Amino acid sequence: MTWDYLIVGAGFAGAVLAERLASQCGATCLVIDRRPHLGGNAHDHYDAAGVLVHDYGPHYFRTNSDRIVEYLSQFTEWHAVEYKILSWTHGRFWQFPINLNTFEQLLGRPSTSEEMERTLAEWRVPIAEPHNSEEVIVSQVGTRLYEMFFQNYTRKQWRRDPRELDASVCGRIPIRLNRDDRYLSEKFQALPRDGYTAMFRKILAHPKIEVRLGTDYREVRAQLAHRHLIFTGPLDEYFEHRFGPLPYRSLRFEPETLAQEYFQPAMQVNYPNDHDFTRIVELKHATGQRLSVTTIVREYPEDFGPGKEPYYPIPAPEARALYQRYADLAAAEAGVSFVGRLATYRYYNMDQVVGMALAEFEKLRVPQT
Ligand code: FAD
Ligand code: UDP
């Protein structure tokens, strides 16, 4: 048969487009993924101890978009969470992201927002327009706090100096003068109540959608007749690395189950200056699962290469210039939509990818007959 849409990737980009095209246009959609599961990097599962684990790093859903919450709420109930994390350095836990509580920890006494503002005004390095990840932090809090919390974490995570990364990388982390110690600032913060995988099963449950897992596009492309292709994998791979490989950062996740209720005092602890891992995630704090055991996941940054997943595009000028050459090829490619974090080489959160998929759907939609 000829499918209306062949969709490469069963992550947010691919699943949302399949659902919209099937349910709104009656289109037949074949979704393939080379991994053995749904959900792309948002995949989760209950491990042998019964603990819900995010397989590819913590996935904290958050958004300011009512439309995106409304859309996903067709497929899941929500478990409201305020994502709270700590940073471990200089032999103790610190409130993070930097806020008034962190400032008080630094002073060793109570303080006020006014005093924090006055002090930071002295510490700040005056930079009118921060151009990189070092500048964006030192221009807000000065070098001492930058060196404590950002410099080495960023070097470990990206194997680059923060000066070589766009301001948007470290600029993602809020810095606050009040006591708001939530990691994220978006108005809606929640996890799918039964997990991401359960949500993806529902998104893809439409009878016009078929899913084939463990199926690599490169191996089956000639056999699957289709009218339009939606590609959500790495853009350089699609074009057989014609201009050379795009740089990515990879990770290794090391889970460990422990016979104790909790391991650490928060769902995530960052380690900017100690150890080879960047963070330890204990999702139980967020899911609220009541179990006498716990599972933690240590996250080790790694170079990307054969057998490794391309988890992060690198937000840096030279990588973007190379991406642009591929993007020009993509724009000229007839009958293909390139959607999602890898196909558009963007350090996007889940809600942004859902937004991108819904926008692409509006372009592709055909009136129901
Ligand atoms: P993906 O989820 O990567 O899906 C693409 C799929 O395409 C993959 O499953 C891949 O196997 C498949 N594929 C690729 N090539 C082929 C091929 N040739 N043939 C078949 N299949 C192929 N976002 C948040 O909002 N909050 C967070 O807290 C958060 N934390 C994150 C932590 C980590 C460690 C990482 C890596 C990402 C995090 N994200 C977070 C981002 C989030 O994972 C992405 O925004 C989202 O999952 C991207 O969806 P996608 O569909 O674009 O890509
Ligand atoms: N970062 C840092 N110290 C921290 C946390 C984050 O320097 O304690 C920097 C680091 O460069 C990281 C970026 O801020 O890659 C974004 O952090 P976030 O936690 O949002 O990263 P993600 O969850 O996407 O890996």
# chains A, B, ... in the order shown; residues from 1 in each chain; ligands from 1
call {"tool": "residues_near_ligand", "arguments": {"ligand": "ligand 2", "cutoff": "9 Å", "atoms": "only C-alpha atoms and all ligand atoms", "output": "VMD selection string"}}
result
chain A and resid 57 to 60 86 to 88 96 to 97 133 146 148 to 158 162 165 168 to 173 183 to 184 269 to 272 278 to 279 312 347 to 349
call {"tool": "residues_near_ligand", "arguments": {"ligand": "ligand 1", "cutoff": "7 Å", "atoms": "only C-alpha atoms and all ligand atoms", "output": "PyMOL selection string"}}
result
chain A and resi 8-14+32-35+39-42+56-62+215-218+232-234+311-312+339-342+348-353
call {"tool": "residues_around", "arguments": {"residues": "Ala167 (chain A)", "least_positions_apart": "5", "cutoff": "8 Å", "atoms": "only C-alpha atoms", "output": "compact mmCIF listing (two decimals) with N, CA, C and O atoms, in the first residue's frame"}}
result
# COMPACT_ATOMS: atom_id res chain seq x y z
N PRO A 130 25.10 40.36 26.35
CA PRO A 130 25.89 39.13 26.50
C PRO A 130 25.85 38.29 25.23
O PRO A 130 24.77 38.04 24.68
N HIS A 131 27.04 37.88 24.76
CA HIS A 131 27.11 37.12 23.51
C HIS A 131 27.35 35.64 23.72
O HIS A 131 27.30 34.88 22.77
N ASN A 132 27.68 35.25 24.94
CA ASN A 132 27.94 33.82 25.15
C ASN A 132 27.53 33.44 26.57
O ASN A 132 27.07 34.27 27.35
N SER A 133 27.72 32.14 26.90
CA SER A 133 27.18 31.63 28.17
C SER A 133 27.97 32.11 29.39
O SER A 133 27.42 32.12 30.49
N GLU A 134 29.22 32.49 29.21
CA GLU A 134 29.92 33.10 30.35
C GLU A 134 29.37 34.51 30.59
O GLU A 134 29.01 34.87 31.71
N GLU A 135 29.29 35.26 29.52
CA GLU A 135 28.85 36.66 29.66
C GLU A 135 27.43 36.76 30.24
O GLU A 135 27.15 37.65 31.05
N VAL A 136 26.57 35.83 29.84
CA VAL A 136 25.17 35.96 30.30
C VAL A 136 25.08 35.75 31.82
O VAL A 136 24.23 36.37 32.47
call {"tool": "closest_residue", "arguments": {"among": "A:Met116, A:His226, A:Ala205, A:Asn99", "to": "Arg182 (chain A)", "atoms": "only C-alpha atoms"}}
result
A:Asn99
call {"tool": "select_by_dssp", "arguments": {"residues": "region 180-337 of chain A", "states": "strand (DSSP E or B)", "output": "NGL selection string"}}
result
:A and (188-192 or 209-213 or 226-231 or 248-258 or 268-270 or 279-281 or 294-303 or 312-313 or 336-337)
call {"tool": "closest_atom_pairs", "arguments": {"of": "region 33-118 of chain A", "to": "region 261-266 of chain A", "cutoff": "12 Å", "atoms": "only C-alpha atoms", "output": "CSV"}}
result
residue,atom,partner,partner_atom,distance
A:Ala49,CA,A:Glu261,CA,12.0
A:Val51,CA,A:Glu261,CA,11.1
A:Glu82,CA,A:Ala266,CA,11.2
A:Tyr83,CA,A:Ala266,CA,9.1
A:Lys84,CA,A:Ala266,CA,6.6
A:Ile85,CA,A:Ala266,CA,5.7
A:Leu86,CA,A:Ala266,CA,6.6
A:Ser87,CA,A:Ala266,CA,9.8
A:Trp88,CA,A:Gln264,CA,11.1
A:Arg92,CA,A:Pro265,CA,11.9
A:Phe93,CA,A:Pro265,CA,9.2
A:Trp94,CA,A:Ala266,CA,11.2
A:Gln95,CA,A:Ala266,CA,10.4
A:Phe96,CA,A:Ala266,CA,11.0
call {"tool": "write_last_selection", "arguments": {"atoms": "C-alpha atoms", "output": "PDB file, in the first residue's frame"}}
result
ATOM      1  CA  ALA A  49      11.857  -2.384  41.477  1.00  0.00           C
ATOM      2  CA  VAL A  51      10.116   2.814  40.187  1.00  0.00           C
ATOM      3  CA  GLU A  82       7.176  22.052  41.349  1.00  0.00           C
ATOM      4  CA  TYR A  83      10.564  20.999  40.084  1.00  0.00           C
ATOM      5  CA  LYS A  84      13.060  21.690  42.845  1.00  0.00           C
ATOM      6  CA  ILE A  85      16.719  20.908  42.646  1.00  0.00           C
ATOM      7  CA  LEU A  86      19.909  21.516  44.611  1.00  0.00           C
ATOM      8  CA  SER A  87      23.513  22.051  43.677  1.00  0.00           C
ATOM      9  CA  TRP A  88      26.357  20.321  45.546  1.00  0.00           C
ATOM     10  CA  ARG A  92      27.437  21.239  50.901  1.00  0.00           C
ATOM     11  CA  PHE A  93      24.044  21.530  49.220  1.00  0.00           C
ATOM     12  CA  TRP A  94      23.047  24.908  47.815  1.00  0.00           C
ATOM     13  CA  GLN A  95      19.674  26.212  46.787  1.00  0.00           C
ATOM     14  CA  PHE A  96      19.623  26.371  43.008  1.00  0.00           C
TER      15      PHE A  96
END
call {"tool": "residues_around", "arguments": {"residues": "Arg201 (chain A)", "least_positions_apart": "2", "cutoff": "12 Å", "atoms": "only C-alpha atoms", "output": "mmCIF file with C-alpha atoms, in the first residue's frame"}}
result
data_model
loop_
_atom_site.group_PDB
_atom_site.id
_atom_site.type_symbol
_atom_site.label_atom_id
_atom_site.label_comp_id
_atom_site.auth_asym_id
_atom_site.auth_seq_id
_atom_site.Cartn_x
_atom_site.Cartn_y
_atom_site.Cartn_z
ATOM 1 C CA ALA A 10 8.056 8.180 17.434
ATOM 2 C CA GLY A 11 9.009 11.080 19.727
ATOM 3 C CA PHE A 12 6.898 14.181 20.322
ATOM 4 C CA ALA A 15 3.661 11.237 17.344
ATOM 5 C CA VAL A 16 1.842 14.590 17.424
ATOM 6 C CA GLU A 19 -2.180 11.933 15.597
ATOM 7 C CA HIS A 37 10.085 1.959 22.176
ATOM 8 C CA LEU A 38 7.749 4.937 21.785
ATOM 9 C CA GLY A 39 8.366 8.469 23.027
ATOM 10 C CA HIS A 43 10.425 7.564 26.987
ATOM 11 C CA ASP A 44 9.962 6.277 30.543
ATOM 12 C CA PHE A 75 -4.114 11.904 26.161
ATOM 13 C CA THR A 76 -3.159 12.206 29.790
ATOM 14 C CA ASP A 194 0.838 7.671 34.249
ATOM 15 C CA GLY A 195 4.114 8.548 32.561
ATOM 16 C CA TYR A 196 5.155 9.669 29.087
ATOM 17 C CA THR A 197 5.050 6.219 27.517
ATOM 18 C CA ALA A 198 1.407 5.740 28.520
ATOM 19 C CA MET A 199 0.635 9.153 27.016
ATOM 20 C CA ILE A 203 -1.524 9.672 21.160
ATOM 21 C CA LEU A 204 -0.711 6.913 18.683
ATOM 22 C CA ALA A 205 -3.790 4.739 19.322
ATOM 23 C CA HIS A 206 -5.703 5.956 16.251
ATOM 24 C CA ILE A 209 -1.784 4.967 12.546
ATOM 25 C CA GLU A 210 0.563 2.001 12.391
ATOM 26 C CA VAL A 211 3.774 1.987 14.425
#
call {"tool": "residues_around", "arguments": {"residues": "Gln260 (chain A)", "least_positions_apart": "2", "cutoff": "9 Å", "atoms": "only C-alpha atoms", "output": "list of chain:residue names"}}
result
A:Thr257, A:Leu258, A:Tyr262, A:Phe263, A:Leu291, A:Ser292, A:Val293, A:Thr294
call {"tool": "select_by_dssp", "arguments": {"residues": "region 131-337 of chain A", "states": "helix (DSSP H, G or I)", "output": "MDAnalysis selection string"}}
result
chainID A and resid 133:149 151:158 162:164 167:170 196:203 217:220 235:238 284:287 317:332
call {"tool": "residues_around", "arguments": {"residues": "region 141-145 of chain A", "least_positions_apart": "2", "cutoff": "7 Å", "atoms": "only C-alpha atoms", "output": "ChimeraX atom specification"}}
result
/A:120,123-125,137-139,147-149
call {"tool": "residues_around", "arguments": {"residues": "region 359-363 of chain A", "least_positions_apart": "3", "cutoff": "9 Å", "atoms": "only C-alpha atoms", "output": "NGL selection string"}}
result
:A and (16-17 or 20-21 or 337 or 339 or 354-356 or 366)
call {"tool": "write_last_selection", "arguments": {"atoms": "N, CA and C atoms", "output": "PDB file, in the first residue's frame"}}
result
ATOM      1  N   VAL A  16       2.872  13.537  17.501  1.00  0.00           N
ATOM      2  CA  VAL A  16       1.842  14.590  17.424  1.00  0.00           C
ATOM      3  C   VAL A  16       1.382  14.753  15.978  1.00  0.00           C
ATOM      4  N   LEU A  17       2.330  14.738  15.039  1.00  0.00           N
ATOM      5  CA  LEU A  17       1.925  14.897  13.639  1.00  0.00           C
ATOM      6  C   LEU A  17       1.085  13.710  13.172  1.00  0.00           C
ATOM      7  N   ARG A  20      -2.457  14.148  14.626  1.00  0.00           N
ATOM      8  CA  ARG A  20      -3.242  15.215  13.987  1.00  0.00           C
ATOM      9  C   ARG A  20      -3.675  14.817  12.576  1.00  0.00           C
ATOM     10  N   LEU A  21      -2.722  14.286  11.814  1.00  0.00           N
ATOM     11  CA  LEU A  21      -3.025  13.962  10.416  1.00  0.00           C
ATOM     12  C   LEU A  21      -4.042  12.829  10.328  1.00  0.00           C
ATOM     13  N   SER A 337       8.886  16.969   5.233  1.00  0.00           N
ATOM     14  CA  SER A 337       8.877  17.966   6.317  1.00  0.00           C
ATOM     15  C   SER A 337       9.934  17.562   7.328  1.00  0.00           C
ATOM     16  N   VAL A 339      11.019  18.104  11.068  1.00  0.00           N
ATOM     17  CA  VAL A 339      10.390  18.629  12.293  1.00  0.00           C
ATOM     18  C   VAL A 339      11.095  18.046  13.520  1.00  0.00           C
ATOM     19  N   VAL A 354       6.242  20.158  20.542  1.00  0.00           N
ATOM     20  CA  VAL A 354       4.802  19.966  20.282  1.00  0.00           C
ATOM     21  C   VAL A 354       4.275  21.164  19.484  1.00  0.00           C
ATOM     22  N   GLY A 355       4.683  22.358  19.884  1.00  0.00           N
ATOM     23  CA  GLY A 355       4.252  23.574  19.168  1.00  0.00           C
ATOM     24  C   GLY A 355       4.701  23.542  17.716  1.00  0.00           C
ATOM     25  N   MET A 356       5.940  23.088  17.495  1.00  0.00           N
ATOM     26  CA  MET A 356       6.468  23.019  16.127  1.00  0.00           C
ATOM     27  C   MET A 356       5.668  22.006  15.300  1.00  0.00           C
ATOM     28  N   VAL A 366      -5.189  19.012   5.071  1.00  0.00           N
ATOM     29  CA  VAL A 366      -6.051  19.153   3.902  1.00  0.00           C
ATOM     30  C   VAL A 366      -7.485  19.051   4.419  1.00  0.00           C
TER      31      VAL A 366
END
call {"tool": "closest_residue", "arguments": {"among": "A:Gln189, A:Asn101, A:Gln223, A:Thr295", "to": "Leu177 (chain A)", "atoms": "only C-alpha atoms"}}
result
A:Asn101
call {"tool": "atom_distance", "arguments": {"atom1": "CA of Glu254 (chain A)", "atom2": "CA of Val297 (chain A)"}}
result
5.3 Å
call {"tool": "atom_distance", "arguments": {"atom1": "CA of Asp55 (chain A)", "atom2": "CA of Asn273 (chain A)"}}
result
24.6 Å
call {"tool": "closest_residue", "arguments": {"among": "A:Thr344, A:Gln289, A:Ser23, A:Ser111", "to": "Gly50 (chain A)", "atoms": "only C-alpha atoms"}}
result
A:Gln289
call {"tool": "atom_distance", "arguments": {"atom1": "CA of Phe188 (chain A)", "atom2": "CA of Thr63 (chain A)"}}
result
5.3 Å
call {"tool": "closest_residue", "arguments": {"among": "A:Gly305, A:Val69, A:His90, A:Glu318", "to": "Pro192 (chain A)", "atoms": "only C-alpha atoms"}}
result
A:Val69
call {"tool": "decode", "arguments": {"residues": "region 253-265 of chain A", "atoms": "N, CA, C and O atoms", "output": "PDB file, in the first residue's frame"}}
result
ATOM      1  N   PHE A 253      23.740   7.129  30.897  1.00  0.00           N
ATOM      2  CA  PHE A 253      22.910   7.151  32.101  1.00  0.00           C
ATOM      3  C   PHE A 253      23.191   5.904  32.915  1.00  0.00           C
ATOM      4  O   PHE A 253      23.140   4.798  32.375  1.00  0.00           O
ATOM      5  N   GLU A 254      23.478   6.076  34.186  1.00  0.00           N
ATOM      6  CA  GLU A 254      23.741   4.918  35.049  1.00  0.00           C
ATOM      7  C   GLU A 254      22.714   4.850  36.171  1.00  0.00           C
ATOM      8  O   GLU A 254      22.826   5.567  37.168  1.00  0.00           O
ATOM      9  N   PRO A 255      21.703   3.977  36.012  1.00  0.00           N
ATOM     10  CA  PRO A 255      20.699   3.831  37.066  1.00  0.00           C
ATOM     11  C   PRO A 255      21.195   2.927  38.196  1.00  0.00           C
ATOM     12  O   PRO A 255      21.986   2.022  37.955  1.00  0.00           O
ATOM     13  N   GLU A 256      20.724   3.190  39.395  1.00  0.00           N
ATOM     14  CA  GLU A 256      21.047   2.321  40.531  1.00  0.00           C
ATOM     15  C   GLU A 256      19.830   2.280  41.449  1.00  0.00           C
ATOM     16  O   GLU A 256      19.291   3.334  41.813  1.00  0.00           O
ATOM     17  N   THR A 257      19.406   1.058  41.799  1.00  0.00           N
ATOM     18  CA  THR A 257      18.274   0.914  42.718  1.00  0.00           C
ATOM     19  C   THR A 257      18.808   0.648  44.118  1.00  0.00           C
ATOM     20  O   THR A 257      19.735  -0.144  44.287  1.00  0.00           O
ATOM     21  N   LEU A 258      18.247   1.334  45.098  1.00  0.00           N
ATOM     22  CA  LEU A 258      18.749   1.245  46.467  1.00  0.00           C
ATOM     23  C   LEU A 258      17.609   0.851  47.401  1.00  0.00           C
ATOM     24  O   LEU A 258      16.467   1.289  47.221  1.00  0.00           O
ATOM     25  N   ALA A 259      17.950   0.050  48.415  1.00  0.00           N
ATOM     26  CA  ALA A 259      16.936  -0.423  49.364  1.00  0.00           C
ATOM     27  C   ALA A 259      16.707   0.612  50.460  1.00  0.00           C
ATOM     28  O   ALA A 259      16.916   0.356  51.644  1.00  0.00           O
ATOM     29  N   GLN A 260      16.327   1.789  50.066  1.00  0.00           N
ATOM     30  CA  GLN A 260      16.002   2.851  51.031  1.00  0.00           C
ATOM     31  C   GLN A 260      14.945   3.740  50.389  1.00  0.00           C
ATOM     32  O   GLN A 260      14.818   3.773  49.158  1.00  0.00           O
ATOM     33  N   GLU A 261      14.193   4.459  51.222  1.00  0.00           N
ATOM     34  CA  GLU A 261      13.057   5.193  50.656  1.00  0.00           C
ATOM     35  C   GLU A 261      13.526   6.324  49.731  1.00  0.00           C
ATOM     36  O   GLU A 261      13.002   6.509  48.640  1.00  0.00           O
ATOM     37  N   TYR A 262      14.491   7.104  50.205  1.00  0.00           N
ATOM     38  CA  TYR A 262      15.064   8.176  49.380  1.00  0.00           C
ATOM     39  C   TYR A 262      16.574   8.181  49.503  1.00  0.00           C
ATOM     40  O   TYR A 262      17.116   7.823  50.552  1.00  0.00           O
ATOM     41  N   PHE A 263      17.251   8.634  48.468  1.00  0.00           N
ATOM     42  CA  PHE A 263      18.715   8.692  48.473  1.00  0.00           C
ATOM     43  C   PHE A 263      19.222  10.097  48.786  1.00  0.00           C
ATOM     44  O   PHE A 263      20.196  10.283  49.494  1.00  0.00           O
ATOM     45  N   GLN A 264      18.533  11.110  48.233  1.00  0.00           N
ATOM     46  CA  GLN A 264      19.027  12.485  48.332  1.00  0.00           C
ATOM     47  C   GLN A 264      17.859  13.412  48.666  1.00  0.00           C
ATOM     48  O   GLN A 264      16.698  13.032  48.527  1.00  0.00           O
ATOM     49  N   PRO A 265      18.153  14.647  49.096  1.00  0.00           N
ATOM     50  CA  PRO A 265      17.083  15.503  49.603  1.00  0.00           C
ATOM     51  C   PRO A 265      16.221  16.185  48.535  1.00  0.00           C
ATOM     52  O   PRO A 265      15.280  16.903  48.878  1.00  0.00           O
TER      53      PRO A 265
END
